[in-house]
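Novice: Just so it is clear, I am handing over upload19.pdb, which has PDB, C-alpha atoms, pLDDT in the B column.
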```pdb
ATOM      1  CA  MET A  46     -10.190   5.262  13.569  1.00 54.00           C
ATOM      2  CA  ASN A  47      -6.544   4.321  14.096  1.00 73.00           C
ATOM      3  CA  GLN A  48      -4.011   6.445  12.250  1.00 88.00           C
ATOM      4  CA  VAL A  49      -1.411   4.690  10.128  1.00 92.00           C
ATOM      5  CA  ASN A  50       2.259   5.436  10.745  1.00 95.00           C
ATOM      6  CA  TYR A  51       3.218   6.080   7.135  1.00 96.00           C
ATOM      7  CA  GLN A  52       6.835   6.735   8.029  1.00 95.00           C
ATOM      8  CA  LYS A  53       7.122   3.152   9.250  1.00 95.00           C
ATOM      9  CA  GLU A  54       5.476   1.988   6.027  1.00 96.00           C
ATOM     10  CA  LEU A  55       8.157   3.874   4.101  1.00 97.00           C
ATOM     11  CA  ASP A  56      10.879   2.311   6.248  1.00 96.00           C
ATOM     12  CA  LYS A  57       9.691  -1.154   5.235  1.00 96.00           C
ATOM     13  CA  ILE A  58       9.804  -0.270   1.531  1.00 96.00           C
ATOM     14  CA  LEU A  59      13.276   1.282   1.755  1.00 95.00           C
ATOM     15  CA  GLN A  60      14.608  -1.703   3.701  1.00 93.00           C
ATOM     16  CA  LYS A  61      13.237  -4.049   1.059  1.00 91.00           C
ATOM     17  CA  LEU A  62      14.797  -1.975  -1.725  1.00 90.00           C
ATOM     18  CA  GLU A  63      18.161  -2.108   0.021  1.00 86.00           C
ATOM     19  CA  GLN A  64      17.960  -5.894   0.287  1.00 84.00           C
ATOM     20  CA  GLN A  65      17.023  -6.242  -3.370  1.00 81.00           C
ATOM     21  CA  ARG A  66      19.857  -3.972  -4.440  1.00 73.00           C
ATOM     22  CA  GLU A  67      22.396  -6.458  -3.133  1.00 64.00           C
ATOM     23  CA  ASP A  68      21.442  -8.690  -6.057  1.00 57.00           C
ATOM     24  CA  SER A  69      20.664  -6.041  -8.652  1.00 57.00           C
ATOM     25  CA  SER A  70      22.069  -2.794 -10.009  1.00 68.00           C
ATOM     26  CA  ASP A  71      18.595  -1.523 -10.894  1.00 84.00           C
ATOM     27  CA  VAL A  72      17.555   1.648  -9.076  1.00 92.00           C
ATOM     28  CA  PRO A  73      13.802   2.342  -8.898  1.00 96.00           C
ATOM     29  CA  SER A  74      12.437   5.586 -10.313  1.00 97.00           C
ATOM     30  CA  LEU A  75      10.331   8.029  -8.324  1.00 98.00           C
ATOM     31  CA  PHE A  76       8.121  10.798  -9.694  1.00 98.00           C
ATOM     32  CA  LEU A  77       8.075  13.237  -6.788  1.00 98.00           C
ATOM     33  CA  HIS A  78       5.590  16.080  -6.655  1.00 98.00           C
ATOM     34  CA  SER A  79       7.177  19.092  -4.998  1.00 98.00           C
ATOM     35  CA  CYS A  80       5.376  22.081  -3.543  1.00 96.00           C
ATOM     36  CA  CYS A  81       8.530  24.205  -3.154  1.00 96.00           C
ATOM     37  CA  ALA A  82      12.298  24.071  -2.770  1.00 97.00           C
ATOM     38  CA  PRO A  83      12.379  24.371   1.058  1.00 97.00           C
ATOM     39  CA  CYS A  84       9.937  21.488   1.564  1.00 96.00           C
ATOM     40  CA  SER A  85      11.715  19.350  -1.011  1.00 98.00           C
ATOM     41  CA  SER A  86      15.184  19.953   0.431  1.00 98.00           C
ATOM     42  CA  TYR A  87      15.082  17.256   3.097  1.00 98.00           C
ATOM     43  CA  VAL A  88      12.946  14.865   1.052  1.00 98.00           C
ATOM     44  CA  LEU A  89      15.424  14.950  -1.829  1.00 98.00           C
ATOM     45  CA  GLU A  90      18.405  14.573   0.498  1.00 97.00           C
ATOM     46  CA  TYR A  91      16.713  11.590   2.120  1.00 97.00           C
ATOM     47  CA  LEU A  92      15.352   9.752  -0.922  1.00 97.00           C
ATOM     48  CA  CYS A  93      18.036  10.376  -3.575  1.00 96.00           C
ATOM     49  CA  ARG A  94      20.069   7.557  -2.022  1.00 93.00           C
ATOM     50  CA  TYR A  95      17.320   5.066  -2.880  1.00 95.00           C
ATOM     51  CA  PHE A  96      15.678   6.349  -6.077  1.00 96.00           C
ATOM     52  CA  ARG A  97      16.361   8.042  -9.364  1.00 96.00           C
ATOM     53  CA  ILE A  98      14.103  11.015  -8.708  1.00 98.00           C
ATOM     54  CA  THR A  99      12.288  13.231 -11.151  1.00 98.00           C
ATOM     55  CA  VAL A 100      10.759  16.217  -9.391  1.00 98.00           C
ATOM     56  CA  PHE A 101       7.376  17.259 -10.755  1.00 98.00           C
ATOM     57  CA  TYR A 102       6.714  20.915 -10.071  1.00 98.00           C
ATOM     58  CA  TYR A 103       2.960  21.288 -10.453  1.00 98.00           C
ATOM     59  CA  ASN A 104       1.278  23.853  -8.220  1.00 97.00           C
ATOM     60  CA  PRO A 105      -1.746  25.610  -9.762  1.00 96.00           C
ATOM     61  CA  ASN A 106      -2.668  26.785  -6.261  1.00 96.00           C
ATOM     62  CA  ILE A 107      -0.004  29.501  -6.474  1.00 95.00           C
ATOM     63  CA  SER A 108      -2.185  32.453  -7.395  1.00 90.00           C
ATOM     64  CA  ALA A 109       0.367  35.094  -8.396  1.00 92.00           C
ATOM     65  CA  SER A 110       2.502  34.392 -11.467  1.00 95.00           C
ATOM     66  CA  GLU A 111       5.468  36.319 -10.035  1.00 95.00           C
ATOM     67  CA  GLU A 112       5.362  34.164  -6.898  1.00 95.00           C
ATOM     68  CA  TYR A 113       5.116  31.027  -9.026  1.00 96.00           C
ATOM     69  CA  ARG A 114       8.153  31.964 -11.107  1.00 97.00           C
ATOM     70  CA  LYS A 115      10.184  32.780  -8.005  1.00 96.00           C
ATOM     71  CA  ARG A 116       9.377  29.440  -6.381  1.00 96.00           C
ATOM     72  CA  VAL A 117      10.052  27.308  -9.445  1.00 97.00           C
ATOM     73  CA  ALA A 118      13.389  29.093  -9.989  1.00 97.00           C
ATOM     74  CA  GLU A 119      14.389  28.219  -6.420  1.00 97.00           C
ATOM     75  CA  GLN A 120      13.377  24.611  -6.989  1.00 98.00           C
ATOM     76  CA  LYS A 121      15.607  24.370 -10.054  1.00 98.00           C
ATOM     77  CA  ARG A 122      18.498  26.077  -8.256  1.00 98.00           C
ATOM     78  CA  LEU A 123      18.313  23.633  -5.354  1.00 98.00           C
ATOM     79  CA  ILE A 124      18.293  20.607  -7.664  1.00 98.00           C
ATOM     80  CA  GLU A 125      21.295  21.940  -9.557  1.00 97.00           C
ATOM     81  CA  SER A 126      23.159  22.410  -6.262  1.00 97.00           C
ATOM     82  CA  TYR A 127      22.300  18.875  -5.126  1.00 97.00           C
ATOM     83  CA  ASN A 128      23.446  17.384  -8.421  1.00 97.00           C
ATOM     84  CA  ASN A 129      26.714  19.337  -8.303  1.00 96.00           C
ATOM     85  CA  GLY A 130      27.226  18.209  -4.718  1.00 93.00           C
ATOM     86  CA  LYS A 131      26.699  14.525  -5.579  1.00 88.00           C
ATOM     87  CA  LYS A 132      24.316  13.909  -2.684  1.00 85.00           C
ATOM     88  CA  GLY A 133      22.985  10.771  -4.340  1.00 90.00           C
ATOM     89  CA  TYR A 134      21.553   9.695  -7.687  1.00 94.00           C
ATOM     90  CA  GLU A 135      21.115  12.596 -10.077  1.00 95.00           C
ATOM     91  CA  ILE A 136      17.802  14.426  -9.799  1.00 98.00           C
ATOM     92  CA  ALA A 137      15.777  15.584 -12.804  1.00 98.00           C
ATOM     93  CA  ILE A 138      12.904  18.068 -12.885  1.00 98.00           C
ATOM     94  CA  VAL A 139       9.749  18.390 -14.962  1.00 98.00           C
ATOM     95  CA  GLU A 140       7.784  21.609 -14.704  1.00 98.00           C
ATOM     96  CA  GLY A 141       4.061  21.120 -15.110  1.00 97.00           C
ATOM     97  CA  ASP A 142       1.713  23.637 -16.689  1.00 97.00           C
ATOM     98  CA  TYR A 143       0.964  26.719 -14.643  1.00 97.00           C
ATOM     99  CA  GLU A 144      -2.830  26.749 -14.640  1.00 96.00           C
ATOM    100  CA  PRO A 145      -4.239  28.639 -11.622  1.00 96.00           C
ATOM    101  CA  GLU A 146      -7.650  28.659 -13.278  1.00 96.00           C
ATOM    102  CA  ARG A 147      -7.927  24.959 -12.468  1.00 96.00           C
ATOM    103  CA  PHE A 148      -7.376  25.686  -8.795  1.00 95.00           C
ATOM    104  CA  PHE A 149      -9.998  28.448  -8.691  1.00 95.00           C
ATOM    105  CA  GLU A 150     -12.489  26.234 -10.514  1.00 96.00           C
ATOM    106  CA  MET A 151     -11.914  23.517  -7.931  1.00 95.00           C
ATOM    107  CA  ALA A 152     -12.250  25.998  -5.054  1.00 94.00           C
ATOM    108  CA  LYS A 153     -15.676  27.312  -6.109  1.00 95.00           C
ATOM    109  CA  GLY A 154     -18.066  27.129  -3.173  1.00 94.00           C
ATOM    110  CA  LEU A 155     -15.196  26.446  -0.771  1.00 92.00           C
ATOM    111  CA  GLU A 156     -13.777  29.958  -0.576  1.00 90.00           C
ATOM    112  CA  ASN A 157     -14.695  30.320   3.107  1.00 90.00           C
ATOM    113  CA  CYS A 158     -13.425  26.929   4.226  1.00 91.00           C
ATOM    114  CA  PRO A 159     -10.849  27.135   7.016  1.00 90.00           C
ATOM    115  CA  GLU A 160      -7.231  26.358   6.220  1.00 88.00           C
ATOM    116  CA  GLY A 161      -6.612  22.623   6.452  1.00 89.00           C
ATOM    117  CA  GLY A 162     -10.210  21.783   5.536  1.00 93.00           C
ATOM    118  CA  GLU A 163     -12.054  20.471   2.488  1.00 95.00           C
ATOM    119  CA  ARG A 164     -10.627  23.056   0.082  1.00 95.00           C
ATOM    120  CA  CYS A 165      -7.106  21.963   0.998  1.00 95.00           C
ATOM    121  CA  PHE A 166      -8.027  18.286   0.624  1.00 97.00           C
ATOM    122  CA  ARG A 167      -9.318  18.931  -2.893  1.00 97.00           C
ATOM    123  CA  CYS A 168      -6.162  20.869  -3.676  1.00 97.00           C
ATOM    124  CA  TYR A 169      -4.098  17.865  -2.572  1.00 97.00           C
ATOM    125  CA  GLU A 170      -6.141  15.662  -4.888  1.00 98.00           C
ATOM    126  CA  LEU A 171      -5.813  18.079  -7.814  1.00 98.00           C
ATOM    127  CA  ARG A 172      -2.034  18.095  -7.618  1.00 98.00           C
ATOM    128  CA  LEU A 173      -1.587  14.421  -6.827  1.00 98.00           C
ATOM    129  CA  ARG A 174      -3.932  13.306  -9.597  1.00 98.00           C
ATOM    130  CA  LYS A 175      -1.827  15.141 -12.159  1.00 98.00           C
ATOM    131  CA  THR A 176       1.273  13.591 -10.587  1.00 98.00           C
ATOM    132  CA  ALA A 177      -0.186  10.093 -10.857  1.00 98.00           C
ATOM    133  CA  GLU A 178      -1.177  10.684 -14.488  1.00 98.00           C
ATOM    134  CA  ARG A 179       2.297  11.856 -15.471  1.00 98.00           C
ATOM    135  CA  ALA A 180       3.989   9.123 -13.450  1.00 98.00           C
ATOM    136  CA  LYS A 181       1.894   6.505 -15.237  1.00 98.00           C
ATOM    137  CA  GLN A 182       2.674   8.021 -18.636  1.00 98.00           C
ATOM    138  CA  GLY A 183       6.384   8.102 -17.836  1.00 98.00           C
ATOM    139  CA  GLY A 184       6.551   4.509 -16.610  1.00 98.00           C
ATOM    140  CA  PHE A 185       7.842   5.420 -13.148  1.00 98.00           C
ATOM    141  CA  ASP A 186       8.053   2.828 -10.388  1.00 98.00           C
ATOM    142  CA  TYR A 187       6.554   5.083  -7.683  1.00 98.00           C
ATOM    143  CA  PHE A 188       4.967   8.487  -7.173  1.00 98.00           C
ATOM    144  CA  CYS A 189       4.913  10.612  -4.039  1.00 98.00           C
ATOM    145  CA  THR A 190       4.750  14.206  -2.715  1.00 98.00           C
ATOM    146  CA  THR A 191       6.820  16.451  -0.477  1.00 98.00           C
ATOM    147  CA  LEU A 192       3.689  17.943   1.090  1.00 97.00           C
ATOM    148  CA  THR A 193       3.725  15.717   4.183  1.00 97.00           C
ATOM    149  CA  ILE A 194       6.829  17.490   5.494  1.00 97.00           C
ATOM    150  CA  SER A 195       4.772  20.516   6.491  1.00 94.00           C
ATOM    151  CA  PRO A 196       3.360  20.528  10.047  1.00 92.00           C
ATOM    152  CA  LEU A 197       0.349  22.345   8.546  1.00 89.00           C
ATOM    153  CA  LYS A 198      -0.486  19.592   6.039  1.00 93.00           C
ATOM    154  CA  ASN A 199      -2.590  16.541   6.855  1.00 95.00           C
ATOM    155  CA  ALA A 200      -0.277  13.573   6.220  1.00 96.00           C
ATOM    156  CA  GLN A 201      -3.006  11.004   6.832  1.00 96.00           C
ATOM    157  CA  LYS A 202      -5.245  12.594   4.211  1.00 97.00           C
ATOM    158  CA  LEU A 203      -2.400  13.003   1.724  1.00 98.00           C
ATOM    159  CA  ASN A 204      -1.486   9.337   1.998  1.00 98.00           C
ATOM    160  CA  GLU A 205      -5.112   8.256   1.721  1.00 97.00           C
ATOM    161  CA  ILE A 206      -5.457  10.266  -1.495  1.00 98.00           C
ATOM    162  CA  GLY A 207      -2.184   8.885  -2.805  1.00 98.00           C
ATOM    163  CA  ILE A 208      -3.234   5.303  -2.122  1.00 98.00           C
ATOM    164  CA  SER A 209      -6.605   5.848  -3.810  1.00 98.00           C
ATOM    165  CA  LEU A 210      -4.936   7.314  -6.913  1.00 98.00           C
ATOM    166  CA  SER A 211      -2.434   4.478  -6.888  1.00 98.00           C
ATOM    167  CA  GLU A 212      -5.261   1.997  -7.183  1.00 98.00           C
ATOM    168  CA  GLU A 213      -6.957   4.080  -9.883  1.00 98.00           C
ATOM    169  CA  TYR A 214      -3.883   4.541 -12.074  1.00 98.00           C
ATOM    170  CA  GLY A 215      -2.094   1.296 -11.303  1.00 98.00           C
ATOM    171  CA  ILE A 216       1.172   2.821 -10.108  1.00 97.00           C
ATOM    172  CA  PRO A 217       2.620   2.332  -6.599  1.00 98.00           C
ATOM    173  CA  TRP A 218       2.328   5.175  -4.121  1.00 98.00           C
ATOM    174  CA  LEU A 219       5.362   5.765  -1.916  1.00 98.00           C
ATOM    175  CA  PRO A 220       3.933   6.433   1.560  1.00 98.00           C
ATOM    176  CA  GLY A 221       5.589   8.723   4.041  1.00 96.00           C
ATOM    177  CA  ASP A 222       5.316  11.418   6.660  1.00 97.00           C
ATOM    178  CA  PHE A 223       8.461  13.410   6.066  1.00 97.00           C
ATOM    179  CA  LYS A 224       7.993  15.789   8.992  1.00 97.00           C
ATOM    180  CA  LYS A 225       8.778  12.909  11.363  1.00 95.00           C
ATOM    181  CA  ARG A 226      12.280  12.213  12.688  1.00 93.00           C
ATOM    182  CA  GLU A 227      12.980  15.929  12.591  1.00 95.00           C
ATOM    183  CA  GLY A 228      12.487  16.059   8.839  1.00 96.00           C
ATOM    184  CA  TYR A 229      10.861  19.469   9.039  1.00 96.00           C
ATOM    185  CA  LYS A 230      13.680  20.754  11.238  1.00 97.00           C
ATOM    186  CA  ARG A 231      16.212  19.473   8.716  1.00 97.00           C
ATOM    187  CA  SER A 232      14.353  21.253   5.898  1.00 97.00           C
ATOM    188  CA  VAL A 233      14.697  24.530   7.803  1.00 96.00           C
ATOM    189  CA  GLU A 234      18.430  23.900   8.241  1.00 97.00           C
ATOM    190  CA  LEU A 235      18.876  23.105   4.548  1.00 97.00           C
ATOM    191  CA  SER A 236      16.883  26.178   3.557  1.00 97.00           C
ATOM    192  CA  ALA A 237      19.356  28.300   5.511  1.00 97.00           C
ATOM    193  CA  GLU A 238      22.343  26.384   4.125  1.00 97.00           C
ATOM    194  CA  TYR A 239      21.256  26.945   0.510  1.00 97.00           C
ATOM    195  CA  ASP A 240      19.797  30.399   1.201  1.00 97.00           C
ATOM    196  CA  LEU A 241      16.405  29.368  -0.174  1.00 97.00           C
ATOM    197  CA  TYR A 242      13.432  31.676  -0.467  1.00 94.00           C
ATOM    198  CA  ARG A 243      11.120  30.432   2.264  1.00 89.00           C
ATOM    199  CA  GLN A 244       7.533  31.643   1.902  1.00 86.00           C
ATOM    200  CA  ASN A 245       5.072  31.983   4.803  1.00 81.00           C
ATOM    201  CA  TYR A 246       1.965  30.657   3.024  1.00 81.00           C
ATOM    202  CA  CYS A 247       1.192  27.709   0.766  1.00 86.00           C
ATOM    203  CA  GLY A 248       0.655  29.765  -2.367  1.00 85.00           C
ATOM    204  CA  CYS A 249      -3.072  30.279  -2.800  1.00 89.00           C
ATOM    205  CA  SER A 250      -4.787  33.606  -2.223  1.00 86.00           C
ATOM    206  CA  TYR A 251      -6.794  32.140   0.642  1.00 87.00           C
ATOM    207  CA  SER A 252      -3.755  31.010   2.635  1.00 87.00           C
ATOM    208  CA  LYS A 253      -2.032  34.323   1.870  1.00 82.00           C
ATOM    209  CA  ALA A 254      -4.966  36.197   3.413  1.00 83.00           C
ATOM    210  CA  VAL A 255      -4.857  34.010   6.535  1.00 75.00           C
ATOM    211  CA  SER A 256      -1.102  34.529   6.840  1.00 73.00           C
ATOM    212  CA  ALA A 257      -1.538  38.298   6.551  1.00 70.00           C
ATOM    213  CA  GLN A 258      -4.229  38.264   9.257  1.00 74.00           C
ATOM    214  CA  LYS A 259      -1.963  36.318  11.624  1.00 69.00           C
ATOM    215  CA  LEU A 260       0.908  38.703  10.994  1.00 65.00           C
ATOM    216  CA  GLN A 261      -1.319  41.702  11.662  1.00 68.00           C
ATOM    217  CA  ALA A 262      -2.567  40.154  14.902  1.00 65.00           C
ATOM    218  CA  GLN A 263       1.005  39.536  16.054  1.00 66.00           C
ATOM    219  CA  LYS A 264       1.886  43.168  15.424  1.00 67.00           C
ATOM    220  CA  LYS A 265      -0.983  44.290  17.667  1.00 66.00           C
ATOM    221  CA  CYS A 266       0.195  42.131  20.587  1.00 56.00           C
TER     222      CYS A 266
END
```
Once you've parsed the file, please lay out its structure as structure tokens.

Specialist:
Amino acid sequence: MNQVNYQKELDKILQKLEQQREDSSDVPSLFLHSCCAPCSSYVLEYLCRYFRITVFYYNPNISASEEYRKRVAEQKRLIESYNNGKKGYEIAIVEGDYEPERFFEMAKGLENCPEGGERCFRCYELRLRKTAERAKQGGFDYFCTTLTISPLKNAQKLNEIGISLSEEYGIPWLPGDFKKREGYKRSVELSAEYDLYRQNYCGCSYSKAVSAQKLQAQKKC
């Protein structure tokens, strides 16, 4: 099965929006799911020139409440800095409900799945479905996620889920693979520039355990 270059698909949409803007002052709205401030840093810098963005912070996969609060505070701090710096159109943020019980309910029977497998795919769907619902309710022009910036996340699967939800909810999905064109590298640079808390696991207890195992193995080498 041939893989789709979703970054090129995004390029086409952005080019079309630029052409349309020559005849109109309307700026499309984007409801952007964000997993964390570091991953959103480049995506926001990139897309705030084309869209009026509302960041949707919805991550029930983050198991520990203290970790959740720390990450959402960093997300809000980054957005405030971007708005003060006038990087593009002003960015808003909506914080979703913190409901880790929904994640654990979804993960039942998949506790031993390897990272990047079926449990992760269902987690993508859980978060993106809520994003699509809220985007539809809010009358946004597009919805999307920052998750594809991570080298550890499956961009093909994320876009497939987004497209499926787009058809289900009747709201356009903004495709993309933000790690491309050194997007991930830029996110690391921006994280250092804004002194962002940069975690070493996605947020769930399963990924935290894997991260701890890798760290322990490195110490033994």

Novice: Each residue of segment 79-149 of chain A with at least one atom at most 10 Å from segment 210-227 of chain A should appear once, together with its nearest atom pair and the corresponding distance in Å (one decimal); atoms considered: only C-alpha atoms; ordering: chain, then increasing residue number; output as CSV.

Specialist:
```
residue,atom,partner,partner_atom,distance
A:Cys84,CA,A:Phe223,CA,9.4
A:Ser85,CA,A:Phe223,CA,9.8
A:Tyr87,CA,A:Phe223,CA,8.2
A:Val88,CA,A:Phe223,CA,6.9
A:Tyr91,CA,A:Phe223,CA,9.3
```

Novice: Excluding segment 171-188 of chain A and residues on its chain fewer than 6 positions from it, collect all residues at most 10 Å away from it, counting only C-alpha atoms, and give them as a VMD selection string.

Specialist: chain A and resid 72 to 80 96 to 106 139 141 147 to 148 151 165 203 206 to 207 209 to 211 213 to 220

Novice: Rank A:Ile194, A:Asn47, A:Asn129, A:Ala82 by their smallest atom-to-atom distance to Lys115 of chain A, using all atoms listed in the file, and report the top residue only.

Specialist: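 Nearest to Lys115 of chain A: A:Ala82.
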
Novice: Just to confirm, what's the straight-line distance from atom CA of Phe149 of chain A to atom CA of Lys121 of chain A in Å (one decimal)?

Specialist: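 Going from atom CA of Phe149 of chain A over to atom CA of Lys121 of chain A, I get 26.0 Å.
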
Novice: Restricting the calculation to only C-alpha atoms, which member of A:Thr193, A:Ser108, A:Gln48, A:Gln60 is positioned closest to Ala254 of chain A?

Specialist: A:Ser108

Novice: Tell me, in Å to one decimal, how far atom CA of Glu156 of chain A is from atom CA of Glu170 of chain A.

Specialist: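 According to the coordinates, atom CA of Glu156 of chain A and atom CA of Glu170 of chain A are separated by 16.8 Å.
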
Novice: Show me a table, sorted first by chain and then by increasing residue number, of the residues of segment 102-213 of chain A having an atom at most 12 Å from segment 234-251 of chain A, each with its shortest atom pair and the distance in Å to one decimal, counting all atoms listed in the file and written as JSON lines.

Specialist:
```
{"residue": "A:Tyr103", "atom": "CA", "partner": "A:Gly248", "partner_atom": "CA", "distance": 11.9}
{"residue": "A:Asn104", "atom": "CA", "partner": "A:Gly248", "partner_atom": "CA", "distance": 8.3}
{"residue": "A:Pro105", "atom": "CA", "partner": "A:Cys249", "partner_atom": "CA", "distance": 8.5}
{"residue": "A:Asn106", "atom": "CA", "partner": "A:Cys249", "partner_atom": "CA", "distance": 4.9}
{"residue": "A:Ile107", "atom": "CA", "partner": "A:Gly248", "partner_atom": "CA", "distance": 4.2}
{"residue": "A:Ser108", "atom": "CA", "partner": "A:Cys249", "partner_atom": "CA", "distance": 5.2}
{"residue": "A:Ala109", "atom": "CA", "partner": "A:Gly248", "partner_atom": "CA", "distance": 8.1}
{"residue": "A:Ser110", "atom": "CA", "partner": "A:Gly248", "partner_atom": "CA", "distance": 10.4}
{"residue": "A:Glu111", "atom": "CA", "partner": "A:Gly248", "partner_atom": "CA", "distance": 11.2}
{"residue": "A:Glu112", "atom": "CA", "partner": "A:Gly248", "partner_atom": "CA", "distance": 7.9}
{"residue": "A:Tyr113", "atom": "CA", "partner": "A:Gly248", "partner_atom": "CA", "distance": 8.1}
{"residue": "A:Arg114", "atom": "CA", "partner": "A:Gly248", "partner_atom": "CA", "distance": 11.7}
{"residue": "A:Lys115", "atom": "CA", "partner": "A:Tyr242", "partner_atom": "CA", "distance": 8.3}
{"residue": "A:Arg116", "atom": "CA", "partner": "A:Tyr242", "partner_atom": "CA", "distance": 7.5}
{"residue": "A:Val117", "atom": "CA", "partner": "A:Tyr242", "partner_atom": "CA", "distance": 10.5}
{"residue": "A:Ala118", "atom": "CA", "partner": "A:Tyr242", "partner_atom": "CA", "distance": 9.9}
{"residue": "A:Glu119", "atom": "CA", "partner": "A:Leu241", "partner_atom": "CA", "distance": 6.7}
{"residue": "A:Gln120", "atom": "CA", "partner": "A:Leu241", "partner_atom": "CA", "distance": 8.8}
{"residue": "A:Lys121", "atom": "CA", "partner": "A:Leu241", "partner_atom": "CA", "distance": 11.1}
{"residue": "A:Arg122", "atom": "CA", "partner": "A:Leu241", "partner_atom": "CA", "distance": 9.0}
{"residue": "A:Leu123", "atom": "CA", "partner": "A:Tyr239", "partner_atom": "CA", "distance": 7.3}
{"residue": "A:Ile124", "atom": "CA", "partner": "A:Tyr239", "partner_atom": "CA", "distance": 10.8}
{"residue": "A:Glu125", "atom": "CA", "partner": "A:Tyr239", "partner_atom": "CA", "distance": 11.2}
{"residue": "A:Ser126", "atom": "CA", "partner": "A:Tyr239", "partner_atom": "CA", "distance": 8.4}
{"residue": "A:Tyr127", "atom": "CA", "partner": "A:Tyr239", "partner_atom": "CA", "distance": 9.9}
{"residue": "A:Gly130", "atom": "CA", "partner": "A:Tyr239", "partner_atom": "CA", "distance": 11.8}
{"residue": "A:Pro145", "atom": "CA", "partner": "A:Cys249", "partner_atom": "CA", "distance": 9.0}
{"residue": "A:Glu146", "atom": "CA", "partner": "A:Cys249", "partner_atom": "CA", "distance": 11.5}
{"residue": "A:Phe148", "atom": "CA", "partner": "A:Cys249", "partner_atom": "CA", "distance": 8.7}
{"residue": "A:Phe149", "atom": "CA", "partner": "A:Cys249", "partner_atom": "CA", "distance": 9.3}
{"residue": "A:Ala152", "atom": "CA", "partner": "A:Tyr251", "partner_atom": "CA", "distance": 10.0}
{"residue": "A:Leu155", "atom": "CA", "partner": "A:Tyr251", "partner_atom": "CA", "distance": 10.2}
{"residue": "A:Glu156", "atom": "CA", "partner": "A:Tyr251", "partner_atom": "CA", "distance": 7.4}
{"residue": "A:Asn157", "atom": "CA", "partner": "A:Tyr251", "partner_atom": "CA", "distance": 8.5}
{"residue": "A:Cys158", "atom": "CA", "partner": "A:Tyr251", "partner_atom": "CA", "distance": 9.2}
{"residue": "A:Pro159", "atom": "CA", "partner": "A:Tyr251", "partner_atom": "CA", "distance": 9.1}
{"residue": "A:Glu160", "atom": "CA", "partner": "A:Tyr251", "partner_atom": "CA", "distance": 8.0}
{"residue": "A:Gly161", "atom": "CA", "partner": "A:Cys247", "partner_atom": "CA", "distance": 10.9}
{"residue": "A:Gly162", "atom": "CA", "partner": "A:Tyr251", "partner_atom": "CA", "distance": 12.0}
{"residue": "A:Arg164", "atom": "CA", "partner": "A:Tyr251", "partner_atom": "CA", "distance": 9.9}
{"residue": "A:Cys165", "atom": "CA", "partner": "A:Cys249", "partner_atom": "CA", "distance": 10.0}
{"residue": "A:Cys168", "atom": "CA", "partner": "A:Cys249", "partner_atom": "CA", "distance": 9.9}
{"residue": "A:Tyr169", "atom": "CA", "partner": "A:Cys247", "partner_atom": "CA", "distance": 11.7}
{"residue": "A:Leu192", "atom": "CA", "partner": "A:Cys247", "partner_atom": "CA", "distance": 10.1}
{"residue": "A:Ser195", "atom": "CA", "partner": "A:Cys247", "partner_atom": "CA", "distance": 9.9}
{"residue": "A:Pro196", "atom": "CA", "partner": "A:Cys247", "partner_atom": "CA", "distance": 11.9}
{"residue": "A:Leu197", "atom": "CA", "partner": "A:Cys247", "partner_atom": "CA", "distance": 9.5}
{"residue": "A:Lys198", "atom": "CA", "partner": "A:Cys247", "partner_atom": "CA", "distance": 9.8}
```

Novice: Can you tell me how far atom CA of Tyr51 of chain A sits from atom CA of Thr190 of chain A, in Å to one decimal?

Specialist: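 Result for atom CA of Tyr51 of chain A versus atom CA of Thr190 of chain A: 12.9 Å, one decimal.
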
Novice: Give the padded box for segment 116-125 of chain A as AutoDock Vina command-line options: axis-aligned, covering all atoms listed in the file, 3 Å on each side, centre and edge lengths in Å to one decimal.

Specialist:
```
--center_x 15.3 --center_y 25.0 --center_z -7.7 --size_x 17.9 --size_y 14.8 --size_z 10.7
```

Novice: Output the residue selection produced by the PyMOL selection byres ((chain A and resi 134) around 8) on the file above, formatted as a ChimeraX atom specification.

Specialist: /A:93-98,128,131-133,135-136

Novice: Can you take segment 153-175 of chain A from the block and write C-alpha atoms as a compact mmCIF listing (two decimals), in the first residue's frame?

Specialist:
```
# COMPACT_ATOMS: atom_id res chain seq x y z
CA LYS A 153 -8.55 -2.44 28.71
CA GLY A 154 -7.18 -5.61 27.16
CA LEU A 155 -4.40 -3.66 25.43
CA GLU A 156 -2.17 -3.07 28.44
CA ASN A 157 0.62 -5.25 27.01
CA CYS A 158 0.55 -3.83 23.50
CA PRO A 159 3.91 -2.45 22.37
CA GLU A 160 4.34 1.30 22.07
CA GLY A 161 3.15 2.49 18.67
CA GLY A 162 0.64 -0.35 18.36
CA GLU A 163 -3.13 -0.77 18.63
CA ARG A 164 -3.40 0.89 22.05
CA CYS A 165 -1.76 4.02 20.67
CA PHE A 166 -4.02 3.99 17.60
CA ARG A 167 -7.10 3.88 19.83
CA CYS A 168 -5.67 6.69 21.91
CA TYR A 169 -5.27 8.78 18.75
CA GLU A 170 -8.90 8.10 17.90
CA LEU A 171 -10.10 8.95 21.41
CA ARG A 172 -8.47 12.36 21.34
CA LEU A 173 -9.24 13.19 17.74
CA ARG A 174 -12.89 12.18 18.05
CA LYS A 175 -13.36 14.65 20.89
```
